[in-house]
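Notes follow the structure.
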Protein chains: 4
Amino acid sequence: MTTLIRKIEARDEARWRELWDGYCRFYEHEPAPAVASHTWARLMDAAAPVHGIVAERAGAGVIGIANYLIHENTATLTPVCYLQDLFVDPQLRAEGVGRQLIDWLLAEVKARGWSRLYWNTRENNYRARGLYDQYTPHSGFLRYVIDNTAR
Amino acid sequence: MTTLIRKIEARDEARWRELWDGYCRFYEHEPAPAVASHTWARLMDAAAPVHGIVAERAGAGVIGIANYLIHENTATLTPVCYLQDLFVDPQLRAEGVGRQLIDWLLAEVKARGWSRLYWNTRENNYRARGLYDQYTPHSGFLRYVIDNTAR
Amino acid sequence: MTTLIRKIEARDEARWRELWDGYCRFYEHEPAPAVASHTWARLMDAAAPVHGIVAERAGAGVIGIANYLIHENTATLTPVCYLQDLFVDPQLRAEGVGRQLIDWLLAEVKARGWSRLYWNTRENNYRARGLYDQYTPHSGFLRYVIDNTAR
Amino acid sequence: MTTLIRKIEARDEARWRELWDGYCRFYEHEPAPAVASHTWARLMDAAAPVHGIVAERAGAGVIGIANYLIHENTATLTPVCYLQDLFVDPQLRAEGVGRQLIDWLLAEVKARGWSRLYWNTRENNYRARGLYDQYTPHSGFLRYVIDNTAR
């Protein structure tokens, strides 16, 4: 049951959309088709700072996805990497796929010389935090967000 | 004692560096001159997505600064705005200057059509949170950061 | 403006009730007269493990109160002290009265050989936490409460 | 695999001590024999407000323990119940034994007319919080503890 991590490709679109929808529902908001299409287009645009990787298992196909983006930062000399989305097929949890995706990205961060890898998670996302705490204690920072798209 | 918010300009460099150093020390890390110079250069580069504003008071000059950056996001159709640094001269706290800086930026976010304004703050930064909570409850998200510059 | 801490006495009842009501409203629940009367009776009962102290200022009278109770604990050889209520006249905040009450109680805990002094505070009670953090970091423990009196 | 909850009895001592030691180690402090003996004595003292229950499974014996105590409270007309210790044999987790212990105690709280059932848990005790959150959201209160036994 070897699982490989690789960069996302055009042929992954249908499965990426399935997992993306599952991810949105996990965070309890309905997936917006316009956002999925926009983000997919950014992932496919080689010039955009939005990137994706997938976890692929022999026989099962793509079972996990991660989307990340690179942006500047006032505290560092090089950009930082934001792992914005991480999602593994719920049927295949607890098999280390999430860890493989993070490990791949952490190696990429080092290879590229980006100054930080960061992500956010809901305080009560206990399953995920059990994994994240193995990388680092949470930073002790809270996020405040004002949504300018709400109506 | 009118205080005005305006975009940062080249003539603000010396004062910006003073306040930046104070800000770094508030967060208990020594200011790194190379980072200050790099960030100042990005603020001054009209093509960079790193921006700054200052609070200026008649007679007192610049008494507060805010640095923010614009980056893409996989959850929205337009970029988001990250208010990364907000600092007011400690002698002039509790006079509403921080609020003025945030209010200016919130208006900018709306005018530009950015999808979100967000910032992070240390869980025990009580003084700041007393202000932030007046805008929105914190998001319930924690930030995990792996530093790739540490040695 | 000397402020003294002393044990509560029967003559403090009217002022204690005023401050108690203010304390209840601070925590956003209407003061229940039956509870106030019950707790007052326990404070006055020399055999009860419920105790009170007051902060008294020359000219101003009682300006702060603290109620505490002693109970057993499975982790220690002697009982522990729970500082359940601490309230200072809002007009006289930031003058160190809360600290004086805690300091008095901490000395009492040591003199009596109680194993711990503890208290709880709302996560966003920033003013209080600014004081508490000077005694000790919070324990990292959250409290879960199931109320059996709600209807 | 029926598991029954019952009050602790003298014959449970050896097994209670084993589970107690495991519980102490889970919270990363070495079990203190003097405390274990003291707490056991209090559990066995019918006059003490310290009580224990056990989860017993046919064939496996006692697989879980809970210690609780009753104490006064300034906010309620009747005492409250503090579930101080809850521990299930790590080999038998995720089978609902913790829930059974809490459910038994919640029924006892109602039957006795105690005003509250409460407990504390470490913020990052994710496994436990996954269960606790099914009873109630955490209270939003943090605990501050000053240890008077530390040397």
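Identifiers in the structure tokens: chain A, B, ... in order shown; residue index from 1 per chain; ligand index from 1 in order shown.
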
For this session: Kindly provide, as a VMD selection string, the residues of chain C having any atom no farther than 8 Å from an atom of chain D, counting only C-alpha atoms.
Result: chain C and resid 34 to 35 38 to 39 49 to 50 67 69 71 to 77 84 109 to 110 113 to 123 132 135 to 149

Excluding Ala60 in chain B and residues on its chain fewer than 6 positions from it, collect all residues at most 12 Å away from it, counting only C-alpha atoms, and give them as an mmCIF file with C-alpha atoms, in the first residue's frame.
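The resulting file, part_16.cif, is reproduced below:
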```
data_model
loop_
_atom_site.group_PDB
_atom_site.id
_atom_site.type_symbol
_atom_site.label_atom_id
_atom_site.label_comp_id
_atom_site.auth_asym_id
_atom_site.auth_seq_id
_atom_site.Cartn_x
_atom_site.Cartn_y
_atom_site.Cartn_z
ATOM 1 C CA MET B 1 -4.649 66.377 18.945
ATOM 2 C CA THR B 2 -5.863 65.264 15.553
ATOM 3 C CA THR B 3 -4.197 62.134 14.260
ATOM 4 C CA LEU B 4 -4.247 61.380 10.565
ATOM 5 C CA ARG B 15 10.878 57.030 12.439
ATOM 6 C CA ASP B 89 4.301 54.479 20.411
ATOM 7 C CA GLN B 91 3.663 56.461 25.423
ATOM 8 C CA LEU B 92 0.588 57.205 23.354
#
```

For this session: Using DSSP on the backbone coordinates, identify the residues of chain B assigned to helix (DSSP H, G or I); present them as a VMD selection string.
Result: chain B and resid 10 to 26 33 to 44 90 to 92 97 to 112 126 to 132

Seminar exercise, completed: Judged by only C-alpha atoms, the minimum distance to Gly96 in chain B among B:Ile8, B:Glu18, B:Ile63, B:Pro33 is found for B:Ile63

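Atom pair CA of Arg25 in chain B / CA of Val62 in chain B: separated by 18.7 Å.
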
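Closest approach to Ala58 in chain D among D:Met44, D:Ile5, D:Ala14, D:Leu131 is made by D:Ile5 (distances from only C-alpha atoms).
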
Problem set entry | For Val97 in chain D: contacts at 8 Å, only C-alpha atoms, fewer than 6 positions along chain excluded, given as a ChimeraX atom specification | /D:3,55,64,88

Problem set entry | CA of Asp12 in chain D to CA of Ala128 in chain D, straight-line distance in Å | 24.5 Å

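When CA of Leu105 in chain C is paired with CA of Ala66 in chain C, their separation reads 9.1 Å.
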